[in-house]
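Student: Encoded as structure tokens, here's the structure I'll be asking about.
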Amino acid sequence: MKLISSRDNPTYKLALKLTRRKYRDETGMYLLEGVKPLEDAISAGMDIEQIFVAEGTGEHNLPEGSTVMLERNLFAELSDTRSSQGVIAMVRQQSSEPGRIMKLASGDGGMLVLDRIQDPGNMGTMIRTAEAAAMAGVVLIKGCVDPYSPKVVRAAAGSLFRVPIVQKVETEELLDTARKTGRRVAVTALEGASDYRDAGLGGRDMIVIGNEGQGVSESFIEASDLKIKIPMAGSIESLNAAVAAGILMYESQR
């Protein structure tokens with residue numbers, strides 16, 4: 001197996017750039033760390049550009065043609081975990097061609113819309129829950145955290161490969177898509193909202209989950225078809241965004 005020991009190696013230099021969102025956006029690739037996540041990506045048919053194995057790491061059943069060994073100090077600069085398994089891959093992101101949101105919305109199944117979500121753990125958890133709740137896909141409104149950042153990738157686990165994700169969507173584009181495909185837009189709100197159990201959430205609704213601190217944007221609230229709330233006992237003022245999303249997704253599918 002080829003050993004890379006120089007920081008000037010072109011393949012390594014590209015991988016190092018992928019630790020920053022700017023270059024993930026430019027190249028359409030990201031870093032995936034861990035043996036099981038890589039196995040899931042391969043099983044899902046994801047496009048694996050390159051696999052790096054840390055020098056001295058035990059044998060793994062990895063594709064030989066696309067696998068190289070990295071000197072340990074170089075590998076450490078790519079790794080985002082404290083106890084790395086010694087395997088990192090460069091993986092191609094899901095397609096982001098124009099019109100993909102319309103294609104997704106024209107099908108069946110509910111859709112989760114994330115409005116300026118900033119917490120990577122929340123986003124990853126919501127993507128994972130969206131798969132479990134049989135949602136058709138997840139739409140990320142412009143201003144959301146990068147879905148291909150290391151923390152989101154870990155939290156989403158293999159769901160990142162299996163759930164259709166459309167990112168950097170403008171609010172008006174989403175609303176226009178909803179109108180053209182006959183989907184209702186359901187938002188969480190405090191005023192004029194119905195108990196989620198009585199709101200009649202349906203299997204093709206677009207469920208909008210807002211920013212952790214500011215909630216759903218006014219644009220969505222004003223254009224929404226359904227305003228819903230989740231009752232809370234005691235002195236609790238709000239639920240974690242991922243928890244709220246899970247409750248509403250399962251309710252819509254029920």
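Here's how to read the names in the structure tokens: chain A, B, ... by the order shown, residue numbers from 1 in each chain, ligand numbers from 1 in the order shown.
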Can you tell me which residues surround Leu14 of chain A at a distance of at most 12 Å, considering only C-alpha atoms, apart from same-chain residues fewer than 3 positions away, and format the answer as a PyMOL selection string?

Tutor: chain A and resi 7-11+17-20+23-24+26-31+49-50+78+89-90

Student: Can you tell me, as a short mmCIF file (atom, residue, chain, number, x, y, z; two decimals) with all heavy atoms, in the first residue's frame, what residues are no more than 10 Å from Ser79 of chain A when counting only C-alpha atoms, ignoring any on the same chain fewer than 5 positions away?

Tutor:
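Below is the file out_4.cif, written as the result:
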data_model
loop_
_atom_site.label_atom_id
_atom_site.label_comp_id
_atom_site.auth_asym_id
_atom_site.auth_seq_id
_atom_site.Cartn_x
_atom_site.Cartn_y
_atom_site.Cartn_z
N LEU A 16 -6.87 17.89 3.32
CA LEU A 16 -6.71 18.86 4.40
C LEU A 16 -7.63 20.06 4.19
O LEU A 16 -8.19 20.61 5.14
CB LEU A 16 -5.26 19.30 4.50
CG LEU A 16 -4.85 20.05 5.78
CD1 LEU A 16 -5.10 19.19 7.01
CD2 LEU A 16 -3.38 20.47 5.70
N THR A 19 -11.31 20.02 5.57
CA THR A 19 -11.64 20.29 6.97
C THR A 19 -12.34 21.64 7.11
O THR A 19 -12.81 21.98 8.20
CB THR A 19 -10.38 20.27 7.86
OG1 THR A 19 -9.46 21.28 7.41
CG2 THR A 19 -9.71 18.90 7.81
N LEU A 31 -15.09 14.85 4.36
CA LEU A 31 -14.34 13.78 5.02
C LEU A 31 -15.27 12.93 5.88
O LEU A 31 -16.10 13.45 6.61
CB LEU A 31 -13.23 14.37 5.90
CG LEU A 31 -12.14 15.16 5.17
CD1 LEU A 31 -11.13 15.71 6.18
CD2 LEU A 31 -11.43 14.29 4.14
N LEU A 32 -15.09 11.63 5.78
CA LEU A 32 -15.89 10.67 6.54
C LEU A 32 -14.94 9.81 7.34
O LEU A 32 -14.06 9.15 6.78
CB LEU A 32 -16.71 9.81 5.58
CG LEU A 32 -17.56 8.70 6.19
CD1 LEU A 32 -18.70 9.30 7.00
CD2 LEU A 32 -18.12 7.80 5.08
N GLU A 33 -15.09 9.82 8.67
CA GLU A 33 -14.15 9.11 9.52
C GLU A 33 -14.79 7.92 10.21
O GLU A 33 -15.92 8.00 10.71
CB GLU A 33 -13.58 10.07 10.58
CG GLU A 33 -12.51 9.45 11.45
CD GLU A 33 -11.73 10.47 12.26
OE1 GLU A 33 -12.03 11.68 12.16
OE2 GLU A 33 -10.80 10.06 12.98
N GLY A 34 -14.06 6.81 10.26
CA GLY A 34 -14.54 5.61 10.95
C GLY A 34 -14.81 4.45 10.01
O GLY A 34 -15.19 4.64 8.85
N LEU A 74 0.30 13.25 9.88
CA LEU A 74 -0.54 13.81 8.83
C LEU A 74 -2.00 13.38 9.02
O LEU A 74 -2.92 14.18 8.85
CB LEU A 74 -0.04 13.36 7.45
CG LEU A 74 1.37 13.79 7.05
CD1 LEU A 74 1.66 13.34 5.62
CD2 LEU A 74 1.55 15.29 7.17
N SER A 84 -9.54 7.90 17.25
CA SER A 84 -9.78 7.55 15.85
C SER A 84 -9.52 6.07 15.59
O SER A 84 -8.64 5.45 16.20
CB SER A 84 -8.89 8.40 14.95
OG SER A 84 -9.06 8.04 13.59
N GLN A 85 -10.30 5.51 14.66
CA GLN A 85 -10.09 4.13 14.22
C GLN A 85 -9.03 4.05 13.12
O GLN A 85 -8.71 2.97 12.65
CB GLN A 85 -11.40 3.54 13.71
CG GLN A 85 -12.46 3.37 14.79
CD GLN A 85 -13.75 2.79 14.23
OE1 GLN A 85 -14.30 3.31 13.26
NE2 GLN A 85 -14.21 1.73 14.85
N GLY A 86 -8.52 5.20 12.74
CA GLY A 86 -7.44 5.20 11.76
C GLY A 86 -7.90 5.10 10.32
O GLY A 86 -7.11 4.73 9.44
N VAL A 87 -9.16 5.45 10.04
CA VAL A 87 -9.67 5.39 8.67
C VAL A 87 -10.46 6.66 8.36
O VAL A 87 -11.38 7.01 9.11
CB VAL A 87 -10.58 4.16 8.45
CG1 VAL A 87 -11.19 4.19 7.05
CG2 VAL A 87 -9.81 2.88 8.67
N ILE A 88 -10.09 7.35 7.30
CA ILE A 88 -10.80 8.55 6.85
C ILE A 88 -10.93 8.46 5.33
O ILE A 88 -9.97 8.10 4.64
CB ILE A 88 -10.06 9.84 7.23
CG1 ILE A 88 -10.03 10.03 8.75
CG2 ILE A 88 -10.70 11.06 6.57
CD1 ILE A 88 -9.23 11.24 9.20
N PRO A 150 -17.96 17.50 10.21
CA PRO A 150 -17.71 16.23 10.91
C PRO A 150 -18.74 15.89 11.98
O PRO A 150 -19.14 14.74 12.11
CB PRO A 150 -16.32 16.45 11.52
CG PRO A 150 -15.66 17.43 10.60
CD PRO A 150 -16.75 18.36 10.16
#

Student: I need the residues in segment 125-184 of chain A that are strand (DSSP E or B) according to DSSP; give them as number ranges by chain.

Tutor: A: 137-141, 165-169

Student: Determine, for each residue of segment 78-188 of chain A having at least one atom at most 7 Å from an atom of segment 36-45 of chain A, the closest pair of atoms and their separation in Å to one decimal, counting only C-alpha atoms; order by chain and ascending number, as CSV.

Tutor:
residue,atom,partner,partner_atom,distance
A:Ala157,CA,A:Pro37,CA,6.6
A:Gly158,CA,A:Asp40,CA,5.7
A:Phe161,CA,A:Ala41,CA,6.3
A:Arg162,CA,A:Ala44,CA,6.8

Student: With only C-alpha atoms as the atoms that count, which of A:Asp146, A:Glu172, A:Ile207, A:Glu237 lies nearest to Leu190 of chain A?

Tutor: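 Using only C-alpha atoms, Leu190 of chain A sits closest to A:Glu237.
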
Student: Using only C-alpha atoms, find the one residue out of A:Glu71, A:Glu64, A:Asp176, A:Asp47 that sits nearest to Met1 of chain A.

Tutor: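 Among the listed residues, the smallest separation from Met1 of chain A belongs to A:Glu64.
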
Student: Using only C-alpha atoms, which of the listed residues (A:Met69, A:Leu239, A:Leu114, A:Met123) sits closest to Leu140 of chain A?

Tutor: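 Closest candidate: A:Leu114.
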
Student: What lies within 12 Å of Lys103 of chain A using only C-alpha atoms, ignoring chain neighbours under 6 positions off, as a list in words?

Tutor: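 In the requested format, the answer is Ser96, Glu97, Ala136, Gly137, Pro164, Ile165, Val166, Thr177, Ala178, Lys180 and Thr181 of chain A.
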